[in-house]
Each structure stands twice: as C-alpha cells, then as structure tokens.
Amino acid sequence: MGTLLYAMKNFISVHDVDNIDALVQKAISYKADPLKDRLLGADKRIGLLFLNPSMRTRLSTQIAARNLGMEAIVFNMDKDGWKLEFEEGVVMDGTSVEHIKDAAPIMGAYFDILCIRTFPTLKNKEEDYNEVLVNQLIKYSGIPIVSLESATLHPLQSFTDIITIKEVFKEPRKPRIALTWAPHIKPIPQCVANSFAQWVNAWGEADFVITHPEGYELDTQFTNGATIEHDQRKALQEADFVYVKNWSAFGDYGKVLTHDAQWMLTEEHLRATNNAKVMHCLPVRRNVELSDEVLDGASSLVNLQGANRVWAAQAVLSEILNGSN
Ligand code: CP
C-alpha cells in the first residue's frame with residue numbers, strides 16, 4: 001500500500017491537491033519503481049471515457065492503472081456511446097438519446113474510478129467555463145472523477161509539467177518560466193494554458209510570465225499571480241523554461257485573432273533566454289507553433305514530458321485509491 005498523503009476525492013484541478021510538492025515526490029517515486037504498489041488497485045476497475053481524441057493521456061493513464069493493479073476499460077463515448085443530454089428538465093425530443101443523469105449512475109456502478117476527456121464547444125463560453133459535463137458526472141456517478149482534459153483545464157498535463165520542471169531544474173533559486181502563445185491553423189481550447197498557469201501559480205516556486213498577442217488574455221481566475229507581457233522577446237529574456245502553446249481567444253470567445261508567424265518559437269527566439277528548455281504538451285504542429293530545429297534540438301523536453309505522463313497519472317490514481325480504502 002502507498003503512503004496516505006491525503007484523501008483525494010476527484011482530480012479536476014489543482015484545487016484537488018493539498019500538497020503539490022508531496023504529489024510530485026510520489027510521482028518521482030513511481031518513476032523509480034513503477035510496480036511498488038502493484039496490488040493497491042487489485043480488484044478495482046477504472047473507466048476511461050473519451051468524447052475527443054487522445055494518444056498520450058489515454059495510454060499513460062491505462063499504463064498507470066495497470067501499474068497499480070487496476071483493470072482499465074476504455075470507452076469512446078463519442079463513437080460508440082449514445083448521444084448524451086446534459087440540460088436539466090429538457091424535453092428530449094431532439095438528437096440526444098440518453099441523459100447524463102441516467103448514464104452516470106450506471107457507470108458509477110460499473111467502475112471504482114471514472115476518467116473523462118471532453119473538449120469545450122468554443123462557442124458557448126458559459127457552458128464551457130461551468131464545466132457542465134464534468135460537474136454532472138461528479139454529481140450523478142457517485143465515484144471519484146479524474147479529468148483527462150476538460151473544457152477549461154488539463155490537470156494531468158500540468159501536474160506532469162511541474163514534475164518535469166522540478167526534475168530538470170537543479171539551481172538553488174526559483175526558475176523563470178515563460179508561457180508563450182504560438183500560432184495555429186484553427187481554434188484551439190484554452191485548457192492547457194489555463195491549467196499550466198493555475199498550477200505554476202499554485203506551486204508558487206517560479207517567476208512566471210505569460211506572453212501573447214493582445215486579445216489573447218486568458219481568464220484571470222487562472223493567470224492571477226503571473227506577469228503578462230505582450231512583447232514576446234522581452235518575456236523570453238533570461239527564461240529557464242519556455243512553454244509553447246496555442247490557444248484561441250477567451251474574450252472574443254473561441255476566435256483566432258492572428259496567424260502571425262513571428263510568434264512561432266525558433267532557435268532565434270531562444271538566444272535571449274538562459275539556455276532555456278522548451279516545453280509543449282503535444283500534439284504539436286511542426287513549423288507552425290515550433291520549428292523543427294527547436295523540437296529536434298537539445299533544448300526540447302517534449303519527450304520527457306510525454307514519458308512523465310505515466311507517473312503523474314499513477315500518483316493521482318494512487319492518492320484516490322488510498323483515499324477510498
Ligand atoms: N498532451 C495530451 O494530452 O496528449 P493527448 O491529446 O494525445 O492525450
């Protein structure tokens with residue numbers, strides 16, 4: 001059995017974590033010895049529900065569950081499930097076949113932990129930022145819920161990113177971290193940027209700057225505590241880590257305001273940094289968000305981030321299992 005740090009009920013945001021550093025240590029201990037708690041989840045079942053595509057999150061969470069002795073079942077709800085309704089009191093005479101109120105308790109009976117990936121509409125800001133689906137699953141399933149990326153946040157990715165920064169940065173001072181917007185060909189959720197900002201701010205162990213073109217301001221509930229700098233070159237100066245990510249506008253919700261290629265991160269952008277390590281959650285549009293030379297160069301941490309997804313998921317599932325025992 002693992003050491004009980006606290007009883008984690010759900011994992012939806014950083015607010016579900018009492019002690020980030022302790023959870024990082026737990027993840028690093030799993031990296032050193034993946035099977036040390038291989039009986040913790042014996043005879044327990046985890047459901048992974050996908051309404052949207054995934055590679056890293058799907059596989060890393062399955063591997064993490066297996067390392068803890070759990071049986072993992074993946075259900076592609078978008079392709080194989082009934083079309084769900086989320087609105088309370090609605091007359092279901094349209095295309096939706098099943099209400100979440102009816103589906104969630106059944107899944108709660110089948111599983112011990114339920115994980116869900118659901119992207120935002122990028123059309124209805126209120127619905128997206130109220131996290132309607134995740135909150136209804138919590139309300140009606142009766143079992144712990146883990147976000148595999150929701151409408152507004154990607155906590156397993158951000159936890160991985162903190163693990164990776166702590167693993168790499170060995171200086172006896174706070175790292176300087178720059179989160180930079182990058183171009184993309186289509187509207188992308190704000191989740192990864194929101195979540196990274198939320199976790200870095202909650203961690204409190206970094207000098208943190210966010211840089212983006214005007215109009216790409218993120219929701220201040222996540223960014224408060226960070227410096228906002230619209231001059232990308234200035235923001236990257238002396239950075240130890242540059243986190244690259246596209247997001248669509250939060251204010252003019254879901255819109256693409258610019259495709260300015262000057263914001264694509266290249267080797268030239270890194271010259272003013274403190275030999276910065278470069279991060280991206282993947283998947284990445286090569287030579288749109290980041291240049292080949294950066295992604296394939298020594299400064300890139302993207303493969304380490306991807307690999308660390310297993311240990312982040314394993315630490316989280318372990319905490320939930322400990323809390324449920
Ligand atoms: N970073 C990430 O969540 O990757 P996937 O979309 O492939 O799961």
# chains A, B, ... in the order shown; residues from 1 in each chain; ligands from 1
$ closest_atom_pairs --of "chain A" --to "ligand 1" --cutoff "10 Å" --atoms "only C-alpha atoms and all ligand atoms" --output "JSON lines"
{"residue": "A:Asn52", "atom": "CA", "partner": "ligand 1", "partner_atom_place_in_ligand_line": "6 (O)", "distance": 8.5}
{"residue": "A:Pro53", "atom": "CA", "partner": "ligand 1", "partner_atom_place_in_ligand_line": "6 (O)", "distance": 6.4}
{"residue": "A:Ser54", "atom": "CA", "partner": "ligand 1", "partner_atom_place_in_ligand_line": "8 (O)", "distance": 3.8}
{"residue": "A:Met55", "atom": "CA", "partner": "ligand 1", "partner_atom_place_in_ligand_line": "7 (O)", "distance": 3.4}
{"residue": "A:Arg56", "atom": "CA", "partner": "ligand 1", "partner_atom_place_in_ligand_line": "8 (O)", "distance": 3.9}
{"residue": "A:Thr57", "atom": "CA", "partner": "ligand 1", "partner_atom_place_in_ligand_line": "8 (O)", "distance": 3.6}
{"residue": "A:Arg58", "atom": "CA", "partner": "ligand 1", "partner_atom_place_in_ligand_line": "8 (O)", "distance": 5.8}
{"residue": "A:Leu59", "atom": "CA", "partner": "ligand 1", "partner_atom_place_in_ligand_line": "8 (O)", "distance": 7.9}
{"residue": "A:Ser60", "atom": "CA", "partner": "ligand 1", "partner_atom_place_in_ligand_line": "8 (O)", "distance": 8.4}
{"residue": "A:Thr61", "atom": "CA", "partner": "ligand 1", "partner_atom_place_in_ligand_line": "8 (O)", "distance": 9.5}
{"residue": "A:Arg117", "atom": "CA", "partner": "ligand 1", "partner_atom_place_in_ligand_line": "8 (O)", "distance": 8.9}
{"residue": "A:Leu148", "atom": "CA", "partner": "ligand 1", "partner_atom_place_in_ligand_line": "3 (O)", "distance": 7.5}
{"residue": "A:Glu149", "atom": "CA", "partner": "ligand 1", "partner_atom_place_in_ligand_line": "3 (O)", "distance": 7.0}
{"residue": "A:His154", "atom": "CA", "partner": "ligand 1", "partner_atom_place_in_ligand_line": "3 (O)", "distance": 7.4}
{"residue": "A:Pro155", "atom": "CA", "partner": "ligand 1", "partner_atom_place_in_ligand_line": "3 (O)", "distance": 9.6}
{"residue": "A:Leu156", "atom": "CA", "partner": "ligand 1", "partner_atom_place_in_ligand_line": "3 (O)", "distance": 8.1}
{"residue": "A:Gln157", "atom": "CA", "partner": "ligand 1", "partner_atom_place_in_ligand_line": "1 (N)", "distance": 6.2}
{"residue": "A:Ser158", "atom": "CA", "partner": "ligand 1", "partner_atom_place_in_ligand_line": "1 (N)", "distance": 9.5}
{"residue": "A:Thr160", "atom": "CA", "partner": "ligand 1", "partner_atom_place_in_ligand_line": "1 (N)", "distance": 9.8}
{"residue": "A:Val192", "atom": "CA", "partner": "ligand 1", "partner_atom_place_in_ligand_line": "1 (N)", "distance": 8.5}
{"residue": "A:His280", "atom": "CA", "partner": "ligand 1", "partner_atom_place_in_ligand_line": "1 (N)", "distance": 8.1}
{"residue": "A:Cys281", "atom": "CA", "partner": "ligand 1", "partner_atom_place_in_ligand_line": "1 (N)", "distance": 4.4}
{"residue": "A:Leu282", "atom": "CA", "partner": "ligand 1", "partner_atom_place_in_ligand_line": "1 (N)", "distance": 4.8}
{"residue": "A:Pro283", "atom": "CA", "partner": "ligand 1", "partner_atom_place_in_ligand_line": "4 (O)", "distance": 6.0}
{"residue": "A:Val284", "atom": "CA", "partner": "ligand 1", "partner_atom_place_in_ligand_line": "1 (N)", "distance": 9.2}
{"residue": "A:Val302", "atom": "CA", "partner": "ligand 1", "partner_atom_place_in_ligand_line": "1 (N)", "distance": 9.7}
{"residue": "A:Gln305", "atom": "CA", "partner": "ligand 1", "partner_atom_place_in_ligand_line": "1 (N)", "distance": 8.7}
{"residue": "A:Gly306", "atom": "CA", "partner": "ligand 1", "partner_atom_place_in_ligand_line": "1 (N)", "distance": 7.2}
{"residue": "A:Arg309", "atom": "CA", "partner": "ligand 1", "partner_atom_place_in_ligand_line": "1 (N)", "distance": 8.5}
$ select_by_dssp --residues "segment 17-149 of chain A" --states "helix (DSSP H, G or I)" --output "MDAnalysis selection string"
chainID A and resid 20:32 56:67 77:80 100:110 125:129 132:141
$ write_last_selection --atoms "C-alpha atoms" --output "CSV table (one decimal), in the first residue's frame"
chain,number,residue,atom,x,y,z
A,20,ILE,CA,1.9,19.8,-4.9
A,21,ASP,CA,5.5,19.0,-3.8
A,22,ALA,CA,4.4,15.8,-2.0
A,23,LEU,CA,2.5,14.7,-5.0
A,24,VAL,CA,5.5,15.4,-7.3
A,25,GLN,CA,7.7,13.3,-4.9
A,26,LYS,CA,5.1,10.5,-5.1
A,27,ALA,CA,5.2,10.6,-9.0
A,28,ILE,CA,9.0,10.5,-8.9
A,29,SER,CA,9.0,7.5,-6.6
A,30,TYR,CA,6.8,5.7,-9.1
A,31,LYS,CA,9.2,6.6,-11.9
A,32,ALA,CA,12.0,4.9,-9.8
A,56,ARG,CA,-0.7,10.3,-24.5
A,57,THR,CA,-3.5,10.7,-21.9
A,58,ARG,CA,-5.2,7.6,-22.9
A,59,LEU,CA,-2.1,5.3,-23.0
A,60,SER,CA,-0.4,6.8,-19.9
A,61,THR,CA,-3.5,6.6,-17.8
A,62,GLN,CA,-4.0,2.9,-18.8
A,63,ILE,CA,-0.4,2.1,-18.1
A,64,ALA,CA,-0.6,3.9,-14.7
A,65,ALA,CA,-3.7,2.0,-13.8
A,66,ARG,CA,-2.1,-1.3,-14.8
A,67,ASN,CA,1.0,-0.5,-12.7
A,77,MET,CA,-18.3,7.6,-26.0
A,78,ASP,CA,-18.2,9.9,-29.0
A,79,LYS,CA,-18.1,7.0,-31.4
A,80,ASP,CA,-19.7,4.1,-29.5
A,100,ILE,CA,-26.2,12.1,-18.2
A,101,LYS,CA,-28.4,11.7,-15.1
A,102,ASP,CA,-29.3,8.2,-16.3
A,103,ALA,CA,-25.9,7.2,-17.8
A,104,ALA,CA,-23.6,8.4,-14.9
A,105,PRO,CA,-25.1,6.2,-12.1
A,106,ILE,CA,-24.7,3.1,-14.3
A,107,MET,CA,-21.1,3.9,-14.9
A,108,GLY,CA,-20.7,4.6,-11.2
A,109,ALA,CA,-21.9,1.1,-10.5
A,110,TYR,CA,-19.5,-0.5,-13.1
A,125,LYS,CA,-18.4,30.2,-23.1
A,126,GLU,CA,-20.7,30.0,-20.1
A,127,GLU,CA,-21.4,26.3,-20.7
A,128,ASP,CA,-17.7,25.5,-21.2
A,129,TYR,CA,-16.4,27.5,-18.2
A,132,VAL,CA,-21.2,21.2,-17.2
A,133,LEU,CA,-20.2,17.6,-18.2
A,134,VAL,CA,-17.6,17.0,-15.5
A,135,ASN,CA,-19.7,18.5,-12.8
A,136,GLN,CA,-22.7,16.4,-13.8
A,137,LEU,CA,-20.5,13.3,-13.7
A,138,ILE,CA,-19.3,14.2,-10.2
A,139,LYS,CA,-22.9,14.8,-9.1
A,140,TYR,CA,-24.6,11.7,-10.6
A,141,SER,CA,-21.9,8.9,-10.8
$ closest_atom_pairs --of "segment 72-177 of chain A" --to "segment 252-256 of chain A" --cutoff "10 Å" --atoms "only C-alpha atoms" --output "tab-separated table"
residue	atom	partner	partner_atom	distance
A:Pro120	CA	A:Gly254	CA	9.4
A:Thr121	CA	A:Gly254	CA	8.5
A:Leu122	CA	A:Gly254	CA	4.7
A:Lys123	CA	A:Gly254	CA	6.3
A:Asn124	CA	A:Tyr253	CA	8.1
A:Lys125	CA	A:Tyr253	CA	6.6
$ write_last_selection --atoms "all heavy atoms" --output "mmCIF file, in the first residue's frame"
data_model
loop_
_atom_site.group_PDB
_atom_site.id
_atom_site.type_symbol
_atom_site.label_atom_id
_atom_site.label_comp_id
_atom_site.auth_asym_id
_atom_site.auth_seq_id
_atom_site.Cartn_x
_atom_site.Cartn_y
_atom_site.Cartn_z
ATOM 1 N N PRO A 120 -13.994 21.668 -24.982
ATOM 2 C CA PRO A 120 -15.022 22.717 -24.987
ATOM 3 C C PRO A 120 -15.684 22.859 -26.360
ATOM 4 O O PRO A 120 -15.128 22.423 -27.369
ATOM 5 C CB PRO A 120 -14.223 23.979 -24.657
ATOM 6 C CG PRO A 120 -12.863 23.702 -25.208
ATOM 7 C CD PRO A 120 -12.634 22.222 -25.017
ATOM 8 N N THR A 121 -16.848 23.514 -26.340
ATOM 9 C CA THR A 121 -17.509 23.817 -27.616
ATOM 10 C C THR A 121 -16.769 24.933 -28.344
ATOM 11 O O THR A 121 -16.823 25.037 -29.560
ATOM 12 C CB THR A 121 -18.956 24.297 -27.374
ATOM 13 O OG1 THR A 121 -18.901 25.526 -26.612
ATOM 14 C CG2 THR A 121 -19.775 23.263 -26.623
ATOM 15 N N LEU A 122 -16.108 25.811 -27.566
ATOM 16 C CA LEU A 122 -15.505 27.062 -28.055
ATOM 17 C C LEU A 122 -16.547 27.980 -28.693
ATOM 18 O O LEU A 122 -16.206 28.918 -29.400
ATOM 19 C CB LEU A 122 -14.344 26.801 -29.028
ATOM 20 C CG LEU A 122 -13.079 26.211 -28.396
ATOM 21 C CD1 LEU A 122 -11.982 26.034 -29.441
ATOM 22 C CD2 LEU A 122 -12.565 27.076 -27.246
ATOM 23 N N LYS A 123 -17.834 27.693 -28.425
ATOM 24 C CA LYS A 123 -18.927 28.548 -28.910
ATOM 25 C C LYS A 123 -19.704 29.109 -27.734
ATOM 26 O O LYS A 123 -20.052 30.283 -27.715
ATOM 27 C CB LYS A 123 -19.858 27.744 -29.828
ATOM 28 C CG LYS A 123 -19.199 27.354 -31.146
ATOM 29 C CD LYS A 123 -20.137 26.606 -32.051
ATOM 30 C CE LYS A 123 -19.550 26.423 -33.436
ATOM 31 N NZ LYS A 123 -18.258 25.707 -33.455
ATOM 32 N N ASN A 124 -20.005 28.246 -26.740
ATOM 33 C CA ASN A 124 -20.778 28.660 -25.572
ATOM 34 C C ASN A 124 -19.845 28.768 -24.366
ATOM 35 O O ASN A 124 -19.554 27.790 -23.682
ATOM 36 C CB ASN A 124 -21.882 27.628 -25.317
ATOM 37 C CG ASN A 124 -22.827 28.070 -24.210
ATOM 38 O OD1 ASN A 124 -22.442 28.823 -23.306
ATOM 39 N ND2 ASN A 124 -24.055 27.600 -24.271
ATOM 40 N N LYS A 125 -19.373 30.000 -24.129
ATOM 41 C CA LYS A 125 -18.374 30.221 -23.080
ATOM 42 C C LYS A 125 -18.908 29.848 -21.693
ATOM 43 O O LYS A 125 -18.202 29.222 -20.893
ATOM 44 C CB LYS A 125 -17.986 31.700 -23.103
ATOM 45 C CG LYS A 125 -16.870 32.096 -22.167
ATOM 46 C CD LYS A 125 -16.711 33.606 -22.286
ATOM 47 C CE LYS A 125 -15.412 34.126 -21.870
ATOM 48 N NZ LYS A 125 -15.232 35.533 -22.227
#
$ select_by_dssp --residues "segment 154-209 of chain A" --states "strand (DSSP E or B)" --output "PyMOL selection string"
chain A and resi 176-181+207-209
$ residues_around --residues "segment 204-214 of chain A" --least-positions-apart "2" --cutoff "8 Å" --atoms "only C-alpha atoms" --output "list in words"
Lys174, Pro175, Arg176, Ile177, Ala178, Leu179, Thr180, Trp181, Ala182, Val200, Asn201, Ala202, Tyr216, Glu217, Gly225, Ala226, Thr227, Ile228, Glu229, His230, Asp231, Gln232 and Ala235 of chain A
$ write_last_selection --atoms "N, CA and C atoms" --output "tab-separated table (two decimals), in the first residue's frame"
chain	number	residue	atom	x	y	z
A	174	LYS	N	14.60	30.12	-7.75
A	174	LYS	CA	13.37	29.86	-8.50
A	174	LYS	C	13.65	29.87	-10.00
A	175	PRO	N	13.05	28.96	-10.77
A	175	PRO	CA	13.19	29.06	-12.23
A	175	PRO	C	12.35	30.20	-12.77
A	176	ARG	N	12.80	30.77	-13.90
A	176	ARG	CA	11.96	31.74	-14.62
A	176	ARG	C	11.26	30.97	-15.73
A	177	ILE	N	9.95	31.00	-15.70
A	177	ILE	CA	9.15	30.24	-16.66
A	177	ILE	C	8.35	31.23	-17.52
A	178	ALA	N	8.46	31.07	-18.84
A	178	ALA	CA	7.67	31.89	-19.77
A	178	ALA	C	6.69	30.99	-20.53
A	179	LEU	N	5.42	31.30	-20.42
A	179	LEU	CA	4.39	30.63	-21.23
A	179	LEU	C	4.13	31.53	-22.43
A	180	THR	N	4.40	31.02	-23.63
A	180	THR	CA	4.19	31.85	-24.81
A	180	THR	C	3.13	31.28	-25.75
A	181	TRP	N	2.23	32.15	-26.19
A	181	TRP	CA	1.27	31.82	-27.24
A	181	TRP	C	2.05	31.56	-28.53
A	182	ALA	N	1.53	30.65	-29.35
A	182	ALA	CA	2.13	30.37	-30.67
A	182	ALA	C	0.99	30.27	-31.68
A	200	VAL	N	1.28	26.54	-12.01
A	200	VAL	CA	2.52	27.28	-11.69
A	200	VAL	C	2.22	28.30	-10.59
A	201	ASN	N	1.09	28.97	-10.68
A	201	ASN	CA	0.73	29.95	-9.64
A	201	ASN	C	0.52	29.26	-8.29
A	202	ALA	N	-0.16	28.12	-8.29
A	202	ALA	CA	-0.41	27.42	-7.02
A	202	ALA	C	0.88	26.85	-6.44
A	216	TYR	N	-5.50	37.95	-26.64
A	216	TYR	CA	-5.43	36.54	-26.21
A	216	TYR	C	-5.32	36.39	-24.70
A	217	GLU	N	-5.76	37.42	-23.95
A	217	GLU	CA	-5.75	37.34	-22.49
A	217	GLU	C	-6.56	36.13	-22.02
A	225	GLY	N	-1.37	36.34	-10.59
A	225	GLY	CA	-0.09	35.97	-9.98
A	225	GLY	C	1.02	35.97	-11.02
A	226	ALA	N	0.67	35.86	-12.29
A	226	ALA	CA	1.67	35.88	-13.37
A	226	ALA	C	1.79	37.28	-13.94
A	227	THR	N	2.98	37.59	-14.45
A	227	THR	CA	3.18	38.84	-15.20
A	227	THR	C	2.70	38.61	-16.63
A	228	ILE	N	1.94	39.57	-17.18
A	228	ILE	CA	1.51	39.48	-18.58
A	228	ILE	C	2.35	40.46	-19.39
A	229	GLU	N	2.99	39.97	-20.46
A	229	GLU	CA	3.89	40.78	-21.28
A	229	GLU	C	3.57	40.53	-22.76
A	230	HIS	N	3.16	41.59	-23.45
A	230	HIS	CA	2.78	41.40	-24.86
A	230	HIS	C	3.98	41.36	-25.82
A	231	ASP	N	5.14	41.78	-25.32
A	231	ASP	CA	6.36	41.71	-26.13
A	231	ASP	C	7.02	40.35	-25.87
A	232	GLN	N	6.89	39.46	-26.85
A	232	GLN	CA	7.38	38.09	-26.65
A	232	GLN	C	8.88	38.06	-26.36
A	235	ALA	N	9.58	38.97	-22.86
A	235	ALA	CA	9.12	37.93	-21.93
A	235	ALA	C	10.09	36.75	-21.88
$ closest_residue --among "A:Thr164, A:Thr152, A:Asn194, A:Ser291" --to "Val310 of chain A" --atoms "only C-alpha atoms"
A:Thr164
$ atom_distance --atom1 "atom CA of Ile165 of chain A" --atom2 "atom CA of Ala276 of chain A"
11.3 Å
$ residues_around --residues "His184 of chain A" --least-positions-apart "5" --cutoff "8 Å" --atoms "only C-alpha atoms" --output "VMD selection string"
chain A and resid 246 259 285 288 to 289
$ atom_distance --atom1 "atom CA of Val242 of chain A" --atom2 "atom CA of Ser299 of chain A"
9.8 Å
$ closest_residue --among "A:Val90, A:Ile143, A:Asp18, A:Ala239" --to "Ile46 of chain A" --atoms "only C-alpha atoms"
A:Ile143
$ decode --residues "segment 7-19 of chain A" --atoms "all heavy atoms" --output "JSON list (two decimals), in the first residue's frame"
[["chain", "number", "residue", "atom", "x", "y", "z"],
["A", 7, "ALA", "N", -6.72, 12.29, 1.42],
["A", 7, "ALA", "CA", -7.75, 11.54, 0.69],
["A", 7, "ALA", "C", -8.23, 12.38, -0.49],
["A", 7, "ALA", "O", -9.01, 13.30, -0.32],
["A", 7, "ALA", "CB", -8.91, 11.23, 1.62],
["A", 8, "MET", "N", -7.72, 12.07, -1.68],
["A", 8, "MET", "CA", -8.14, 12.81, -2.87],
["A", 8, "MET", "C", -9.43, 12.20, -3.39],
["A", 8, "MET", "O", -9.50, 11.01, -3.65],
["A", 8, "MET", "CB", -7.05, 12.74, -3.94],
["A", 8, "MET", "CG", -7.33, 13.60, -5.16],
["A", 8, "MET", "SD", -6.09, 13.32, -6.46],
["A", 8, "MET", "CE", -4.72, 14.28, -5.85],
["A", 9, "LYS", "N", -10.46, 13.02, -3.54],
["A", 9, "LYS", "CA", -11.76, 12.51, -3.98],
["A", 9, "LYS", "C", -11.87, 12.55, -5.52],
["A", 9, "LYS", "O", -12.18, 11.55, -6.15],
["A", 9, "LYS", "CB", -12.86, 13.35, -3.31],
["A", 9, "LYS", "CG", -14.28, 13.02, -3.76],
["A", 9, "LYS", "CD", -14.74, 11.64, -3.31],
["A", 9, "LYS", "CE", -16.20, 11.40, -3.69],
["A", 9, "LYS", "NZ", -16.49, 9.99, -3.90],
["A", 10, "ASN", "N", -11.62, 13.73, -6.06],
["A", 10, "ASN", "CA", -11.63, 13.90, -7.51],
["A", 10, "ASN", "C", -10.32, 14.55, -7.93],
["A", 10, "ASN", "O", -9.61, 15.13, -7.10],
["A", 10, "ASN", "CB", -12.79, 14.81, -7.95],
["A", 10, "ASN", "CG", -14.13, 14.26, -7.52],
["A", 10, "ASN", "OD1", -14.50, 13.15, -7.89],
["A", 10, "ASN", "ND2", -14.87, 15.04, -6.74],
["A", 11, "PHE", "N", -10.01, 14.51, -9.23],
["A", 11, "PHE", "CA", -8.84, 15.24, -9.74],
["A", 11, "PHE", "C", -9.30, 16.02, -10.97],
["A", 11, "PHE", "O", -9.28, 15.52, -12.09],
["A", 11, "PHE", "CB", -7.71, 14.27, -10.07],
["A", 11, "PHE", "CG", -6.43, 14.97, -10.49],
["A", 11, "PHE", "CD1", -5.65, 15.61, -9.53],
["A", 11, "PHE", "CD2", -6.02, 14.98, -11.80],
["A", 11, "PHE", "CE1", -4.47, 16.25, -9.90],
["A", 11, "PHE", "CE2", -4.85, 15.62, -12.19],
["A", 11, "PHE", "CZ", -4.07, 16.25, -11.23],
["A", 12, "ILE", "N", -9.73, 17.23, -10.70],
["A", 12, "ILE", "CA", -10.31, 18.09, -11.74],
["A", 12, "ILE", "C", -9.44, 19.32, -11.98],
["A", 12, "ILE", "O", -9.39, 19.85, -13.07],
["A", 12, "ILE", "CB", -11.73, 18.55, -11.31],
["A", 12, "ILE", "CG1", -12.60, 17.33, -10.97],
["A", 12, "ILE", "CG2", -12.38, 19.43, -12.36],
["A", 12, "ILE", "CD1", -12.76, 16.34, -12.09],
["A", 13, "SER", "N", -8.79, 19.77, -10.91],
["A", 13, "SER", "CA", -7.94, 20.97, -11.00],
["A", 13, "SER", "C", -6.91, 20.91, -9.88],
["A", 13, "SER", "O", -6.94, 20.01, -9.03],
["A", 13, "SER", "CB", -8.78, 22.25, -10.86],
["A", 13, "SER", "OG", -9.06, 22.50, -9.49],
["A", 14, "VAL", "N", -6.05, 21.92, -9.83],
["A", 14, "VAL", "CA", -5.03, 21.97, -8.78],
["A", 14, "VAL", "C", -5.68, 22.09, -7.39],
["A", 14, "VAL", "O", -5.06, 21.74, -6.38],
["A", 14, "VAL", "CB", -4.05, 23.13, -9.05],
["A", 14, "VAL", "CG1", -4.65, 24.47, -8.67],
["A", 14, "VAL", "CG2", -2.72, 22.91, -8.35],
["A", 15, "HIS", "N", -6.93, 22.55, -7.35],
["A", 15, "HIS", "CA", -7.60, 22.70, -6.06],
["A", 15, "HIS", "C", -7.88, 21.35, -5.39],
["A", 15, "HIS", "O", -8.21, 21.31, -4.21],
["A", 15, "HIS", "CB", -8.91, 23.48, -6.22],
["A", 15, "HIS", "CG", -8.70, 24.87, -6.76],
["A", 15, "HIS", "ND1", -7.81, 25.75, -6.19],
["A", 15, "HIS", "CD2", -9.23, 25.51, -7.82],
["A", 15, "HIS", "CE1", -7.80, 26.88, -6.88],
["A", 15, "HIS", "NE2", -8.65, 26.75, -7.88],
["A", 16, "ASP", "N", -7.74, 20.27, -6.13],
["A", 16, "ASP", "CA", -7.92, 18.94, -5.54],
["A", 16, "ASP", "C", -6.63, 18.41, -4.90],
["A", 16, "ASP", "O", -6.62, 17.31, -4.37],
["A", 16, "ASP", "CB", -8.40, 17.95, -6.60],
["A", 16, "ASP", "CG", -9.79, 18.30, -7.10],
["A", 16, "ASP", "OD1", -10.69, 18.45, -6.27],
["A", 16, "ASP", "OD2", -9.96, 18.47, -8.33],
["A", 17, "VAL", "N", -5.56, 19.20, -4.98],
["A", 17, "VAL", "CA", -4.26, 18.78, -4.47],
["A", 17, "VAL", "C", -3.90, 19.62, -3.25],
["A", 17, "VAL", "O", -3.83, 20.84, -3.34],
["A", 17, "VAL", "CB", -3.17, 18.95, -5.56],
["A", 17, "VAL", "CG1", -1.81, 18.53, -5.03],
["A", 17, "VAL", "CG2", -3.54, 18.16, -6.80],
["A", 18, "ASP", "N", -3.66, 18.96, -2.11],
["A", 18, "ASP", "CA", -3.28, 19.68, -0.89],
["A", 18, "ASP", "C", -1.82, 20.12, -0.93],
["A", 18, "ASP", "O", -1.47, 21.18, -0.42],
["A", 18, "ASP", "CB", -3.47, 18.79, 0.34],
["A", 18, "ASP", "CG", -4.92, 18.66, 0.73],
["A", 18, "ASP", "OD1", -5.74, 19.45, 0.20],
["A", 18, "ASP", "OD2", -5.25, 17.78, 1.53],
["A", 19, "ASN", "N", -0.95, 19.25, -1.47],
["A", 19, "ASN", "CA", 0.49, 19.50, -1.39],
["A", 19, "ASN", "C", 1.13, 19.08, -2.71],
["A", 19, "ASN", "O", 1.37, 17.88, -2.94],
["A", 19, "ASN", "CB", 1.06, 18.69, -0.22],
["A", 19, "ASN", "CG", 2.53, 18.99, 0.03],
["A", 19, "ASN", "OD1", 3.27, 19.33, -0.88],
["A", 19, "ASN", "ND2", 2.95, 18.83, 1.27]]
